[in-house]
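Text of coords14.csv (CSV, C-alpha atoms) as supplied:
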```csv
chain,number,residue,atom,x,y,z
A,1,ALA,CA,-8.0,-82.4,-69.6
A,2,LEU,CA,-7.6,-79.2,-67.6
A,3,ARG,CA,-4.1,-78.6,-68.8
A,4,ASP,CA,-4.9,-79.4,-72.4
A,5,SER,CA,-7.9,-77.0,-72.3
A,6,GLY,CA,-5.6,-74.1,-71.4
A,7,PHE,CA,-7.1,-73.7,-67.9
A,8,SER,CA,-4.9,-71.3,-65.9
A,9,GLY,CA,-6.8,-71.2,-62.6
A,10,HIS,CA,-6.1,-73.0,-59.3
A,11,VAL,CA,-7.5,-76.5,-58.5
A,12,ALA,CA,-8.2,-78.0,-55.1
A,13,ILE,CA,-8.2,-81.7,-54.2
A,14,ALA,CA,-11.0,-82.9,-51.8
A,15,SER,CA,-11.1,-86.6,-51.0
A,16,GLY,CA,-11.6,-89.1,-48.2
A,17,GLU,CA,-8.6,-91.2,-49.3
A,18,THR,CA,-5.6,-91.8,-47.1
A,19,ALA,CA,-2.8,-89.2,-46.6
A,20,ALA,CA,-0.5,-91.2,-48.9
A,21,VAL,CA,-3.0,-91.2,-51.7
A,22,LEU,CA,-3.6,-87.4,-51.3
A,23,ARG,CA,0.1,-86.8,-51.4
A,24,SER,CA,0.4,-88.7,-54.7
A,25,ALA,CA,-2.6,-86.9,-56.2
A,26,SER,CA,-1.1,-83.5,-55.3
A,27,GLN,CA,2.3,-84.5,-56.8
A,28,LEU,CA,0.7,-85.6,-60.0
A,29,ALA,CA,-1.3,-82.4,-60.2
A,30,ARG,CA,1.9,-80.4,-60.0
A,31,LEU,CA,3.7,-82.8,-62.3
A,32,PHE,CA,1.1,-82.0,-65.0
A,33,GLY,CA,1.5,-78.3,-64.5
A,34,LEU,CA,-1.6,-77.5,-62.6
A,35,LYS,CA,-1.7,-74.8,-60.0
A,36,LEU,CA,-2.6,-76.6,-56.8
A,37,ALA,CA,-4.5,-74.4,-54.3
A,38,GLY,CA,-4.5,-77.1,-51.6
A,39,VAL,CA,-5.7,-80.5,-50.4
A,40,ILE,CA,-8.7,-81.1,-48.2
A,41,SER,CA,-9.6,-84.3,-46.5
A,42,LYS,CA,-13.2,-85.4,-46.4
A,43,PRO,CA,-15.5,-85.0,-44.6
A,44,LEU,CA,-15.2,-81.3,-45.1
A,45,ARG,CA,-15.2,-79.2,-42.0
A,46,PRO,CA,-16.8,-75.7,-41.7
A,47,GLY,CA,-14.6,-72.9,-42.9
A,48,GLU,CA,-12.0,-75.1,-44.7
A,49,ILE,CA,-12.8,-74.0,-48.2
A,50,GLU,CA,-13.0,-70.3,-47.1
A,51,ALA,CA,-9.6,-70.7,-45.4
A,52,LEU,CA,-8.1,-72.2,-48.6
A,53,LEU,CA,-9.5,-69.4,-50.8
A,54,ALA,CA,-8.2,-66.9,-48.3
A,55,ARG,CA,-4.7,-68.4,-48.5
A,56,VAL,CA,-4.7,-68.2,-52.3
A,57,ASN,CA,-5.9,-64.6,-52.3
A,58,ALA,CA,-3.3,-63.6,-49.6
A,59,ALA,CA,-0.6,-65.2,-51.8
A,60,GLY,CA,-1.5,-63.0,-54.7
A,61,GLN,CA,-2.8,-66.0,-56.7
A,62,THR,CA,0.7,-67.5,-56.6
A,63,PRO,CA,0.5,-70.2,-53.8
A,64,ASP,CA,3.1,-72.3,-55.5
A,65,ALA,CA,5.9,-69.7,-55.4
A,66,PRO,CA,9.0,-70.9,-53.6
A,67,LYS,CA,10.0,-69.4,-50.2
A,68,THR,CA,12.9,-67.0,-50.2
A,69,SER,CA,13.3,-66.3,-46.5
A,70,VAL,CA,16.5,-68.2,-46.1
A,71,ASN,CA,18.9,-66.6,-43.5
A,72,THR,CA,22.5,-67.0,-44.8
A,73,ALA,CA,24.1,-65.0,-42.0
A,74,ALA,CA,26.5,-67.8,-41.2
A,75,PHE,CA,28.0,-67.6,-44.7
A,76,LYS,CA,28.2,-65.2,-47.6
A,77,HIS,CA,27.8,-67.4,-50.7
A,78,ILE,CA,27.1,-70.9,-51.8
A,79,VAL,CA,29.2,-72.1,-54.7
A,80,PRO,CA,29.6,-75.3,-56.6
A,81,VAL,CA,33.0,-77.1,-56.9
A,82,PHE,CA,33.1,-79.7,-59.6
A,83,GLN,CA,34.9,-83.1,-59.2
A,84,PRO,CA,35.5,-84.5,-62.7
A,85,LYS,CA,34.6,-88.0,-63.8
A,86,ILE,CA,37.1,-89.3,-66.3
A,87,ASN,CA,36.8,-92.2,-68.7
A,88,ALA,CA,39.8,-94.5,-67.8
A,89,ALA,CA,40.0,-95.8,-71.4
A,90,SER,CA,40.0,-92.5,-73.3
A,91,GLY,CA,41.1,-90.1,-70.6
A,92,THR,CA,38.3,-87.7,-71.4
A,93,VAL,CA,36.0,-86.0,-68.9
A,94,TYR,CA,32.4,-87.3,-69.4
A,95,GLY,CA,30.8,-85.9,-66.2
A,96,ALA,CA,31.3,-84.3,-62.9
A,97,GLU,CA,30.0,-84.3,-59.3
A,98,ALA,CA,28.9,-81.0,-58.1
A,99,LEU,CA,30.0,-80.4,-54.5
A,100,MET,CA,28.5,-77.6,-52.4
A,101,ARG,CA,30.9,-75.2,-50.8
A,102,VAL,CA,30.2,-72.2,-48.7
A,103,VAL,CA,32.2,-69.0,-48.9
A,104,LEU,CA,32.7,-67.4,-45.5
A,105,GLU,CA,32.9,-63.7,-44.8
A,106,ASP,CA,36.7,-63.8,-44.8
A,107,GLY,CA,36.6,-65.3,-48.4
A,108,SER,CA,37.6,-68.8,-47.4
A,109,THR,CA,35.6,-71.8,-48.4
A,110,GLN,CA,34.6,-75.0,-46.6
A,111,SER,CA,32.3,-77.9,-46.8
A,112,PRO,CA,28.7,-77.0,-45.8
A,113,GLN,CA,28.6,-79.9,-43.2
A,114,ASP,CA,29.3,-77.4,-40.4
A,115,HIS,CA,26.2,-75.5,-41.4
A,116,ILE,CA,23.8,-78.4,-42.3
A,117,ASP,CA,22.4,-78.9,-38.8
A,118,ARG,CA,21.7,-75.2,-38.5
A,119,LEU,CA,20.0,-75.1,-41.9
A,120,VAL,CA,17.9,-78.2,-41.1
A,121,ALA,CA,16.9,-76.8,-37.7
A,122,ALA,CA,15.9,-73.4,-39.3
A,123,GLY,CA,14.1,-75.1,-42.2
A,124,GLU,CA,16.5,-73.5,-44.7
A,125,LEU,CA,18.3,-76.5,-46.2
A,126,GLY,CA,15.9,-76.6,-49.1
A,127,GLU,CA,16.4,-73.0,-50.0
A,128,ALA,CA,20.2,-73.3,-49.7
A,129,SER,CA,20.1,-76.3,-52.0
A,130,LEU,CA,18.0,-74.4,-54.6
A,131,THR,CA,20.6,-71.6,-54.5
A,132,PHE,CA,23.2,-74.3,-55.1
A,133,LEU,CA,21.3,-75.8,-58.0
A,134,ASP,CA,20.9,-72.4,-59.6
A,135,ALA,CA,24.7,-71.9,-59.4
A,136,VAL,CA,25.3,-75.3,-60.9
A,137,ILE,CA,23.0,-74.5,-63.8
A,138,LYS,CA,24.8,-71.3,-64.5
A,139,GLU,CA,28.1,-73.1,-64.8
A,140,MET,CA,26.6,-75.7,-67.1
A,141,LYS,CA,25.2,-73.1,-69.4
A,142,VAL,CA,28.7,-71.6,-69.7
A,143,TRP,CA,30.1,-75.0,-70.6
A,144,GLN,CA,27.3,-75.6,-73.1
A,145,SER,CA,28.2,-72.3,-74.9
A,146,VAL,CA,31.6,-73.8,-75.7
A,147,GLY,CA,30.3,-77.2,-76.7
A,148,PHE,CA,31.0,-79.0,-73.4
A,149,ALA,CA,27.9,-80.9,-72.0
A,150,PRO,CA,29.0,-83.3,-69.2
A,151,ILE,CA,26.5,-85.1,-67.0
A,152,ILE,CA,26.4,-83.5,-63.6
A,153,SER,CA,25.6,-85.4,-60.4
A,154,ILE,CA,24.1,-83.4,-57.6
A,155,ASN,CA,24.0,-84.8,-54.1
A,156,LEU,CA,20.7,-84.4,-52.2
A,157,PRO,CA,20.0,-85.7,-48.7
A,158,ALA,CA,16.9,-87.8,-48.0
A,159,PRO,CA,15.0,-85.0,-46.2
A,160,LEU,CA,14.9,-83.0,-49.5
A,161,PHE,CA,13.4,-85.9,-51.4
A,162,GLU,CA,10.8,-86.2,-48.7
A,163,ASP,CA,9.6,-82.6,-49.3
A,164,ALA,CA,7.3,-83.1,-52.3
A,165,GLU,CA,6.8,-79.3,-52.9
A,166,LEU,CA,10.6,-78.7,-52.8
A,167,MET,CA,11.3,-81.5,-55.2
A,168,GLY,CA,8.8,-79.8,-57.6
A,169,TYR,CA,11.0,-76.7,-57.5
A,170,PHE,CA,14.1,-78.7,-58.2
A,171,ILE,CA,12.5,-80.4,-61.2
A,172,SER,CA,11.0,-77.0,-62.4
A,173,ALA,CA,14.4,-75.4,-62.2
A,174,VAL,CA,15.9,-78.0,-64.4
A,175,LYS,CA,13.0,-77.9,-66.8
A,176,HIS,CA,13.3,-74.1,-67.2
A,177,SER,CA,17.1,-74.1,-67.5
A,178,GLY,CA,17.0,-74.9,-71.2
A,179,LEU,CA,19.4,-77.7,-70.6
A,180,PRO,CA,18.6,-81.4,-71.3
A,181,ALA,CA,17.1,-83.1,-68.3
A,182,GLY,CA,19.4,-86.1,-69.1
A,183,GLN,CA,22.4,-83.9,-68.2
A,184,PHE,CA,21.4,-84.0,-64.5
A,185,THR,CA,21.6,-86.8,-62.1
A,186,PHE,CA,20.2,-86.4,-58.5
A,187,GLU,CA,22.1,-88.6,-56.1
A,188,LEU,CA,20.5,-89.6,-52.8
A,189,THR,CA,23.2,-89.3,-50.1
A,190,GLU,CA,23.6,-91.5,-47.2
A,191,ALA,CA,23.9,-88.6,-44.7
A,192,ALA,CA,20.5,-89.1,-43.3
A,193,LEU,CA,18.0,-92.0,-43.4
A,194,PRO,CA,14.5,-91.3,-44.8
A,195,SER,CA,11.7,-90.9,-42.3
A,196,ASP,CA,8.9,-91.6,-44.8
A,197,VAL,CA,9.9,-94.1,-47.5
A,198,THR,CA,6.5,-93.7,-49.3
A,199,VAL,CA,7.1,-90.0,-50.0
A,200,LEU,CA,10.8,-90.7,-50.8
A,201,LEU,CA,9.8,-93.2,-53.5
A,202,GLU,CA,7.1,-90.9,-54.9
A,203,SER,CA,9.7,-88.1,-55.3
A,204,MET,CA,12.2,-90.5,-56.9
A,205,THR,CA,9.5,-91.5,-59.4
A,206,ARG,CA,8.8,-87.9,-60.2
A,207,VAL,CA,12.5,-87.3,-60.9
A,208,ARG,CA,12.7,-90.3,-63.3
A,209,ILE,CA,9.4,-89.2,-65.1
A,210,ALA,CA,10.9,-85.8,-65.6
A,211,GLY,CA,13.8,-87.4,-67.5
A,212,LEU,CA,16.5,-86.8,-64.9
A,213,GLY,CA,19.0,-89.4,-63.8
A,214,LEU,CA,18.8,-90.9,-60.3
A,215,ALA,CA,21.5,-92.6,-58.3
```
Could you show the structure in this file as structure tokens?
Amino acid sequence: ALRDSGFSGHVAIASGETAAVLRSASQLARLFGLKLAGVISKPLRPGEIEALLARVNAAGQTPDAPKTSVNTAAFKHIVPVFQPKINAASGTVYGAEALMRVVLEDGSTQSPQDHIDRLVAAGELGEASLTFLDAVIKEMKVWQSVGFAPIISINLPAPLFEDAELMGYFISAVKHSGLPAGQFTFELTEAALPSDVTVLLESMTRVRIAGLGLA
């Protein structure tokens, strides 16, 4: 009802439900395009609402803006390399897997595996992955301009699926790309086991609701 009425302010969720329910509620709020100021567990404690309002004001009324503090000192650029998927019967390319590669200061490229642990430890894996997704989208737009629209698979490790806010940014990037959501498939890699299956399943559900493929 809030979205349909044109409401553009922020909303806060206050409830005595479990943490899992609160996470689901916050994800649904973002899914429906609401600006979520925060989530507060009941019973309310003195100063919580004031602190929430202060965070919103300090963020310039944009609490949902993605972080951009990634430190990429170890490498110069993140670029996608595409591995084609070919129809064996017709010999035509129907899709591709987008592989992340890092460009070092000397111009050489390598798999990001050597940098993954550093990015995870620094909390920067999500931002690096968003940079990668943006690069993939740019390539897909070039292909679209010449009439080529393959389905692109993008590998994402479990820790990214477990970050509800970050998954919202991924979905939003696809939504605002102007490309059909069905052209994207998010693939859950086996590189790391999930630590919270509930959050993982919630994120996977959001991906499917948004119209993206999931593998």
**Asked** Which polymer residues, protein or nucleic acid, are no farther than 10 Å from (10.9, -85.4, -61.7), counting only C-alpha atoms, as an MDAnalysis selection string?
**Response** chainID A and resid 27 31 167:172 174:175 181 186 202:214
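Note that the spacing between atom CA of Gly178 of chain A and atom CA of Leu133 of chain A amounts to 13.9 Å.
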**Message:** Report, in Å to a single decimal, how far apart atom CA of Ile78 of chain A and atom CA of Val103 of chain A are.
**Reply:**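 It comes out at 6.2 Å.
Interatomic distance, atom CA of Pro150 of chain A to atom CA of Val93 of chain A: 7.5 Å.
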**Request:** Mind checking which residues fall within 12 Å of Lys141 of chain A, counting all atoms listed in the file, ignoring those fewer than 2 positions away in the same chain, and posting them as a list in words?
**Result:** Asp134, Ala135, Val136, Ile137, Lys138, Glu139, Trp143, Gln144, Ser145, Val146, Gly147, Phe148, Ala149, Pro150, Ile152, Val174, Ser177, Gly178, Leu179, Pro180 and Gln183 of chain A
**Item:** Best match for closeness to Glu165 of chain A among A:Ser108, A:Gly126, A:Pro80, A:Ala98, counting only C-alpha atoms
**Value:**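 Of A:Ser108, A:Gly126, A:Pro80, A:Ala98, the one nearest Glu165 of chain A, counting only C-alpha atoms, is A:Gly126.
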**Request:** Determine, counting only C-alpha atoms, which protein, DNA and RNA residues have an atom within 6 Å of an atom of segment 38-40 of chain A; residues of the same chain fewer than 6 positions away are not included. Present the result as an MDAnalysis selection string.
**Result:** chainID A and resid 12:14
